[in-house]
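Structure data follow from start_37.cif (mmCIF, C-alpha atoms):
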```cif
data_structure
#
loop_
_atom_site.label_atom_id
_atom_site.label_comp_id
_atom_site.auth_asym_id
_atom_site.auth_seq_id
_atom_site.Cartn_x
_atom_site.Cartn_y
_atom_site.Cartn_z
CA ASN K 911 198.38 103.77 159.23
CA ALA K 912 200.04 105.28 156.13
CA GLY K 913 197.07 104.92 153.73
CA VAL K 914 198.23 105.74 150.19
CA THR K 915 201.90 106.60 149.74
CA GLN K 916 203.29 108.19 146.60
CA THR K 917 206.89 108.80 145.64
CA PRO K 918 208.48 111.09 144.70
CA LYS K 919 206.76 114.25 145.93
CA PHE K 920 208.46 116.49 143.39
CA GLN K 921 210.21 115.77 140.10
CA VAL K 922 211.67 117.85 137.28
CA LEU K 923 212.29 116.15 133.95
CA LYS K 924 213.63 117.27 130.62
CA THR K 925 211.59 116.58 127.52
CA GLY K 926 212.16 113.00 126.38
CA GLN K 927 213.27 111.64 129.74
CA SER K 928 211.43 108.78 131.37
CA MET K 929 210.38 108.15 134.94
CA THR K 930 208.13 106.00 137.08
CA LEU K 931 205.81 107.27 139.77
CA GLN K 932 205.33 104.81 142.59
CA CYS K 933 202.20 104.25 144.64
CA ALA K 934 201.47 101.85 147.47
CA GLN K 935 198.44 101.40 149.71
CA ASP K 936 198.16 99.49 152.96
CA MET K 937 194.35 99.41 153.27
CA ASN K 938 193.89 96.10 151.42
CA HIS K 939 191.95 97.90 148.71
CA ASN K 940 191.19 96.10 145.48
CA SER K 941 191.09 99.08 143.12
CA MET K 942 193.75 101.68 142.40
CA TYR K 943 193.80 104.76 140.20
CA TRP K 944 196.07 107.40 138.72
CA TYR K 945 194.72 110.92 138.21
CA ARG K 946 196.27 114.10 136.99
CA GLN K 947 195.11 117.52 138.11
CA ASP K 948 195.67 120.66 136.07
CA PRO K 949 194.45 124.19 136.82
CA GLY K 950 190.92 124.63 135.51
CA MET K 951 190.69 120.99 134.41
CA GLY K 952 189.84 119.22 137.60
CA LEU K 953 190.87 115.61 138.23
CA ARG K 954 191.18 113.46 135.13
CA LEU K 955 191.59 109.70 135.24
CA ILE K 956 194.69 108.37 133.46
CA TYR K 957 194.54 104.64 134.21
CA TYR K 958 192.95 102.44 136.79
CA SER K 959 193.24 98.91 138.06
CA ALA K 960 189.97 97.37 139.20
CA SER K 961 191.77 94.44 140.79
CA GLU K 962 195.18 92.85 140.96
CA GLY K 963 196.25 91.74 137.48
CA THR K 964 193.98 94.11 135.54
CA THR K 965 194.48 97.62 134.19
CA ASP K 966 192.30 99.83 132.01
CA LYS K 967 192.55 103.19 130.31
CA GLY K 968 190.85 106.23 131.72
CA GLU K 969 190.11 109.59 130.12
CA VAL K 970 193.69 110.65 129.27
CA PRO K 971 195.95 107.56 128.89
CA ASN K 972 198.14 108.71 126.02
CA GLY K 973 201.82 108.97 126.92
CA TYR K 974 201.49 106.80 130.04
CA ASN K 975 201.79 103.17 131.01
CA VAL K 976 200.92 101.46 134.27
CA SER K 977 201.79 98.31 136.15
CA ARG K 978 199.79 96.73 138.95
CA LEU K 979 202.72 95.01 140.58
CA ASN K 980 200.66 93.35 143.32
CA LYS K 981 197.61 94.22 145.37
CA ARG K 982 199.44 97.01 147.19
CA GLU K 983 201.39 98.70 144.41
CA PHE K 984 200.38 100.53 141.23
CA SER K 985 203.02 102.43 139.26
CA LEU K 986 202.70 105.02 136.50
CA ARG K 987 205.42 105.34 133.86
CA LEU K 988 206.15 108.19 131.51
CA GLU K 989 208.27 106.75 128.69
CA SER K 990 209.14 110.03 126.97
CA ALA K 991 208.06 113.04 129.00
CA ALA K 992 206.50 116.04 127.27
CA PRO K 993 205.80 119.54 128.63
CA SER K 994 202.06 118.77 128.34
CA GLN K 995 202.58 116.20 131.09
CA THR K 996 203.51 118.90 133.59
CA SER K 997 200.87 118.37 136.26
CA VAL K 998 200.12 117.15 139.75
CA TYR K 999 199.62 113.40 139.82
CA PHE K 1000 197.48 111.67 142.42
CA CYS K 1001 197.28 108.00 143.14
CA ALA K 1002 194.11 106.78 144.82
CA SER K 1003 192.61 103.53 146.01
CA SER K 1004 189.17 102.24 146.86
CA TRP K 1005 187.75 99.06 148.28
CA ASP K 1006 185.93 98.13 145.11
CA ARG K 1007 185.56 99.98 141.84
CA ALA K 1008 182.01 98.86 141.23
CA SER K 1009 180.65 99.64 144.64
CA ASN K 1010 179.88 102.81 146.51
CA SER K 1011 183.31 102.98 148.03
CA PRO K 1012 184.97 106.39 147.91
CA LEU K 1013 188.53 107.12 146.88
CA HIS K 1014 191.45 107.57 149.26
CA PHE K 1015 194.16 109.77 147.80
CA GLY K 1016 197.90 109.93 148.20
CA ASN K 1017 199.67 113.23 148.77
CA GLY K 1018 200.47 113.77 145.12
CA THR K 1019 203.53 114.14 142.91
CA ARG K 1020 204.24 117.53 141.40
CA LEU K 1021 205.91 116.93 138.02
CA THR K 1022 207.47 119.60 135.85
CA VAL K 1023 208.69 118.80 132.33
CA THR K 1024 210.94 121.41 130.76
CA GLN Q 183 177.08 119.05 128.28
CA LYS Q 184 179.75 118.25 130.82
CA GLU Q 185 179.11 115.18 132.90
CA VAL Q 186 179.56 116.86 136.26
CA GLU Q 187 179.26 120.63 136.50
CA GLN Q 188 180.13 122.96 139.32
CA ASN Q 189 180.41 126.71 139.53
CA SER Q 190 184.14 127.40 139.78
CA GLY Q 191 183.67 130.34 142.14
CA PRO Q 192 185.16 131.77 144.17
CA LEU Q 193 182.18 131.68 146.48
CA SER Q 194 182.66 134.14 149.34
CA VAL Q 195 180.68 133.54 152.53
CA PRO Q 196 180.92 135.42 155.84
CA GLU Q 197 182.14 133.47 158.84
CA GLY Q 198 179.24 131.89 160.69
CA ALA Q 199 176.92 131.88 157.67
CA ILE Q 200 175.73 128.91 155.61
CA ALA Q 201 177.77 128.04 152.52
CA SER Q 202 175.82 126.34 149.74
CA LEU Q 203 177.68 124.43 147.04
CA ASN Q 204 175.91 122.94 144.05
CA CYS Q 205 176.68 120.26 141.51
CA THR Q 206 174.68 118.99 138.54
CA TYR Q 207 175.27 115.81 136.58
CA SER Q 208 174.13 114.78 133.14
CA ASP Q 209 173.65 111.01 133.34
CA ARG Q 210 170.54 109.72 135.09
CA GLY Q 211 172.33 106.40 135.54
CA SER Q 212 174.68 107.95 138.09
CA GLN Q 213 174.60 105.94 141.26
CA SER Q 214 176.69 107.39 144.05
CA PHE Q 215 177.72 110.90 144.92
CA PHE Q 216 180.60 112.27 146.92
CA TRP Q 217 181.92 115.59 148.12
CA TYR Q 218 185.66 116.02 148.55
CA ARG Q 219 187.47 118.96 150.10
CA GLN Q 220 190.86 119.98 148.77
CA TYR Q 221 193.07 122.53 150.46
CA SER Q 222 195.58 124.36 148.27
CA GLY Q 223 198.56 122.13 147.56
CA LYS Q 224 196.99 119.13 149.26
CA SER Q 225 195.18 116.01 148.12
CA PRO Q 226 191.38 115.67 148.09
CA GLU Q 227 189.77 114.23 151.20
CA LEU Q 228 186.29 112.76 151.43
CA ILE Q 229 183.85 114.73 153.56
CA MET Q 230 180.43 113.37 152.53
CA SER Q 231 178.86 110.58 150.53
CA ILE Q 232 175.19 110.23 149.58
CA TYR Q 233 173.45 107.46 147.69
CA SER Q 234 169.69 108.06 147.92
CA ASN Q 235 167.36 111.03 147.51
CA GLY Q 236 167.06 113.39 150.43
CA ASP Q 237 169.37 114.88 153.00
CA LYS Q 238 172.29 113.41 154.87
CA GLU Q 239 173.77 115.28 157.80
CA ASP Q 240 177.20 114.92 159.39
CA GLY Q 241 178.09 117.59 161.91
CA ARG Q 242 178.09 120.97 160.19
CA PHE Q 243 177.79 119.36 156.75
CA THR Q 244 174.57 118.38 154.96
CA ALA Q 245 174.52 116.71 151.57
CA GLN Q 246 171.33 116.87 149.53
CA LEU Q 247 170.52 114.67 146.55
CA ASN Q 248 167.70 115.13 144.05
CA LYS Q 249 167.95 112.49 141.33
CA ALA Q 250 164.90 113.74 139.44
CA SER Q 251 166.54 117.13 138.98
CA GLN Q 252 170.02 115.62 138.75
CA TYR Q 253 171.69 117.77 141.32
CA VAL Q 254 173.56 117.26 144.51
CA SER Q 255 174.43 120.01 146.96
CA LEU Q 256 176.54 120.51 150.04
CA LEU Q 257 175.56 122.88 152.85
CA ILE Q 258 178.13 123.98 155.41
CA ARG Q 259 176.59 125.53 158.50
CA ASP Q 260 178.42 127.94 160.80
CA SER Q 261 181.17 128.40 158.21
CA GLN Q 262 184.68 128.68 159.60
CA PRO Q 263 187.84 130.10 158.00
CA SER Q 264 189.17 126.53 157.99
CA ASP Q 265 186.40 125.64 155.52
CA SER Q 266 188.12 127.78 152.87
CA ALA Q 267 189.09 125.24 150.22
CA THR Q 268 188.05 123.83 146.87
CA TYR Q 269 185.11 121.42 147.01
CA LEU Q 270 184.96 118.67 144.42
CA CYS Q 271 181.77 116.88 143.49
CA ALA Q 272 182.22 113.30 142.27
CA VAL Q 273 179.72 110.92 140.70
CA ILE Q 274 179.93 107.19 140.07
CA ARG Q 275 178.50 106.15 136.72
CA ASP Q 276 179.10 102.82 135.01
CA ASP Q 277 181.82 102.00 137.51
CA LYS Q 278 183.69 105.20 136.70
CA ILE Q 279 184.25 108.02 139.15
CA ILE Q 280 183.75 111.36 137.41
CA PHE Q 281 184.83 114.59 139.09
CA GLY Q 282 183.60 118.11 138.61
CA LYS Q 283 186.19 120.86 138.35
CA GLY Q 284 185.48 122.09 141.83
CA THR Q 285 184.15 125.21 143.54
CA ARG Q 286 186.54 127.48 145.43
CA LEU Q 287 185.03 128.54 148.74
CA HIS Q 288 186.37 131.51 150.67
CA ILE Q 289 185.12 132.16 154.20
CA LEU Q 290 185.44 135.83 155.13
CA PRO Q 291 186.57 136.39 158.75
#
```
Written form, structure tokens:
Amino acid sequence: NAGVTQTPKFQVLKTGQSMTLQCAQDMNHNSMYWYRQDPGMGLRLIYYSASEGTTDKGEVPNGYNVSRLNKREFSLRLESAAPSQTSVYFCASSWDRASNSPLHFGNGTRLTVT
Amino acid sequence: QKEVEQNSGPLSVPEGAIASLNCTYSDRGSQSFFWYRQYSGKSPELIMSIYSNGDKEDGRFTAQLNKASQYVSLLIRDSQPSDSATYLCAVIRDDKIIFGKGTRLHILP
């Protein structure tokens, strides 16, 4: 059982380049999330998708876009990367956003923007 | 006031002792509470959840919730070197999951 799978694991971009981070879950979860984690800042929510077909902004959405492709997949796109977007990105899923269900995290993507 | 506050540490505890990790939250409407453990370079993993006042025990871990005082704690008994990690407190409020910045725990052999 793979759980939550993120690709790629590592990425280096130059300022202004674009890329898409991929995330897929095989737990039949309804809700999916993208977080970024920076030293001293903890986990901050970028975007989330409460259910297939819906997406909403989190705490730090600027500079990002998302697509909930189907129930399994939730991608995060950086249209024009900036050094401030250097971070570790985690995708997560949960059974239901409004319930007591905890998050299950992927292994993370370490992104460096030069 | 930050929504979820944790002492960043590091908290150093001798092997075999009890490690006590604390978390306070600002919104009385918070509904559910979780503790995640995160090893360096790894993703967070759920270790405890608690939804009502009182204690909840799972092996060497005990979560304690006091909604009146707005704090949640995690006790780790018989601490092992493998418990050395960052512990993240998370709170569900208004359908949002809010994380604290985490407490670094170091178990001294």
Margin query: Which residues are near segment 240-247 of chain Q? Cut-off 9 Å, all atoms listed in the file, ignore same chain within fewer than 6 positions. Put them as a PyMOL selection string.
Written below: chain Q and resi 215-217+229-234+253-261
Output as JSON lines one row per residue of chain K within 8 Å of chain Q: the closest atom pair and its distance in Å to one decimal place, counting all atoms listed in the file, sorted by chain and residue number ascending.
```
{"residue": "K:Gly950", "atom": "CA", "partner": "Q:Lys283", "partner_atom": "CA", "distance": 6.7}
{"residue": "K:Met951", "atom": "CA", "partner": "Q:Lys283", "partner_atom": "CA", "distance": 6.0}
{"residue": "K:Gly952", "atom": "CA", "partner": "Q:Lys283", "partner_atom": "CA", "distance": 4.1}
{"residue": "K:Leu953", "atom": "CA", "partner": "Q:Phe281", "partner_atom": "CA", "distance": 6.2}
{"residue": "K:Arg954", "atom": "CA", "partner": "Q:Phe281", "partner_atom": "CA", "distance": 7.6}
{"residue": "K:Phe1000", "atom": "CA", "partner": "Q:Ser225", "partner_atom": "CA", "distance": 7.5}
{"residue": "K:Arg1007", "atom": "CA", "partner": "Q:Asp277", "partner_atom": "CA", "distance": 6.1}
{"residue": "K:Ala1008", "atom": "CA", "partner": "Q:Asp277", "partner_atom": "CA", "distance": 4.9}
{"residue": "K:Ser1009", "atom": "CA", "partner": "Q:Asp277", "partner_atom": "CA", "distance": 7.6}
{"residue": "K:Asn1010", "atom": "CA", "partner": "Q:Ser214", "partner_atom": "CA", "distance": 6.1}
{"residue": "K:Pro1012", "atom": "CA", "partner": "Q:Phe216", "partner_atom": "CA", "distance": 7.4}
{"residue": "K:Leu1013", "atom": "CA", "partner": "Q:Leu228", "partner_atom": "CA", "distance": 7.6}
{"residue": "K:His1014", "atom": "CA", "partner": "Q:Glu227", "partner_atom": "CA", "distance": 7.1}
{"residue": "K:Phe1015", "atom": "CA", "partner": "Q:Ser225", "partner_atom": "CA", "distance": 6.3}
{"residue": "K:Gly1016", "atom": "CA", "partner": "Q:Ser225", "partner_atom": "CA", "distance": 6.7}
{"residue": "K:Asn1017", "atom": "CA", "partner": "Q:Ser225", "partner_atom": "CA", "distance": 5.3}
{"residue": "K:Gly1018", "atom": "CA", "partner": "Q:Ser225", "partner_atom": "CA", "distance": 6.5}
```
Take the selection from the previous step and output its residues with C-alpha atoms, as a compact mmCIF listing (two decimals), keeping the file's coordinate frame.
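Result file follows (again10.txt):
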```txt
# COMPACT_ATOMS: atom_id res chain seq x y z
CA GLY K 950 190.92 124.63 135.51
CA MET K 951 190.69 120.99 134.41
CA GLY K 952 189.84 119.22 137.60
CA LEU K 953 190.87 115.61 138.23
CA ARG K 954 191.18 113.46 135.13
CA PHE K 1000 197.48 111.67 142.42
CA ARG K 1007 185.56 99.98 141.84
CA ALA K 1008 182.01 98.86 141.23
CA SER K 1009 180.65 99.64 144.64
CA ASN K 1010 179.88 102.81 146.51
CA PRO K 1012 184.97 106.39 147.91
CA LEU K 1013 188.53 107.12 146.88
CA HIS K 1014 191.45 107.57 149.26
CA PHE K 1015 194.16 109.77 147.80
CA GLY K 1016 197.90 109.93 148.20
CA ASN K 1017 199.67 113.23 148.77
CA GLY K 1018 200.47 113.77 145.12
```
Check: Once the PyMOL selection byres ((chain K and resi 941-945) around 8) has been applied to the shown file, what residues remain in the selection, as a VMD selection string?
Finding: chain K and resid 939 to 940 946 to 947 953 to 962 984 986 999 to 1007
For Thr285 of chain Q, work out the shell of residues within 8 Å, counting all atoms listed in the file and skipping chain neighbours fewer than 4 positions away, then give it as a PDB file with C-alpha atoms, in the frame of the given file.
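Here's the written file around_32.pdb:
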```
ATOM      1  CA  GLN Q 188     180.130 122.960 139.320  1.00  0.00           C
ATOM      2  CA  ASN Q 189     180.410 126.710 139.530  1.00  0.00           C
ATOM      3  CA  SER Q 190     184.140 127.400 139.780  1.00  0.00           C
ATOM      4  CA  GLY Q 191     183.670 130.340 142.140  1.00  0.00           C
ATOM      5  CA  PRO Q 192     185.160 131.770 144.170  1.00  0.00           C
ATOM      6  CA  LEU Q 193     182.180 131.680 146.480  1.00  0.00           C
ATOM      7  CA  LEU Q 203     177.680 124.430 147.040  1.00  0.00           C
ATOM      8  CA  THR Q 268     188.050 123.830 146.870  1.00  0.00           C
ATOM      9  CA  TYR Q 269     185.110 121.420 147.010  1.00  0.00           C
ATOM     10  CA  LEU Q 270     184.960 118.670 144.420  1.00  0.00           C
TER      11      LEU Q 270
END
```
Next item on the list: Tell me which residues the PyMOL selection byres ((chain K and resi 933) around 8) grabs here, as a PyMOL selection string.
Entry: chain K and resi 914-917+931-932+934-935+983-985+1001+1016
Notebook entry, point to check: Evaluating the PyMOL selection byres ((chain Q and resi 263) around 8) on the displayed file yields which residues, as a PyMOL selection string?
Noted result: chain Q and resi 197+261-262+264-266+288-291
Draw an axis-aligned box tight on the listed atoms of segment 988-1001 of chain K, then pad every side by 8 Å and write out centre and edge lengths in Å to one decimal as JSON.
```
{"center_x": 203.2, "center_y": 113.1, "center_z": 135.1, "size_x": 27.9, "size_y": 28.8, "size_z": 32.2}
```
Note to self: Just the number, please: distance in Å from atom CA of Lys981 of chain K to atom CA of Glu969 of chain K, one decimal.
What the structure shows: 22.9 Å
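Excluding Thr1022 of chain K itself and same-chain residues fewer than 4 positions from it, the residues having an atom within 7 Å of it are Gln921, Val922, Leu923, Thr996 and Ser997 of chain K, counting all atoms listed in the file.
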With C-alpha atoms retained, write the just-selected residues as a PDB file, keeping the file's coordinate frame.
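Wrote it out as part.pdb, contents follow:
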```pdb
ATOM      1  CA  GLN K 921     210.210 115.770 140.100  1.00  0.00           C
ATOM      2  CA  VAL K 922     211.670 117.850 137.280  1.00  0.00           C
ATOM      3  CA  LEU K 923     212.290 116.150 133.950  1.00  0.00           C
ATOM      4  CA  THR K 996     203.510 118.900 133.590  1.00  0.00           C
ATOM      5  CA  SER K 997     200.870 118.370 136.260  1.00  0.00           C
TER       6      SER K 997
END
```
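Our summary of the geometry notes that atom CA of Gln927 of chain K is positioned 11.7 Å from atom CA of Gln995 of chain K.
Proximity of Q:Ala267, Q:Gln220, Q:Glu187, Q:Lys249 to Asn204 of chain Q, computed with all atoms listed in the file, is greatest for Q:Glu187.
Closest approach to Ala250 of chain Q among Q:Val186, Q:Ser208, Q:Ser202, Q:Ser194: Q:Ser208, based on all atoms listed in the file.
Between atom CA of Ser994 of chain K and atom CA of Gly968 of chain K lies a distance of 17.2 Å.
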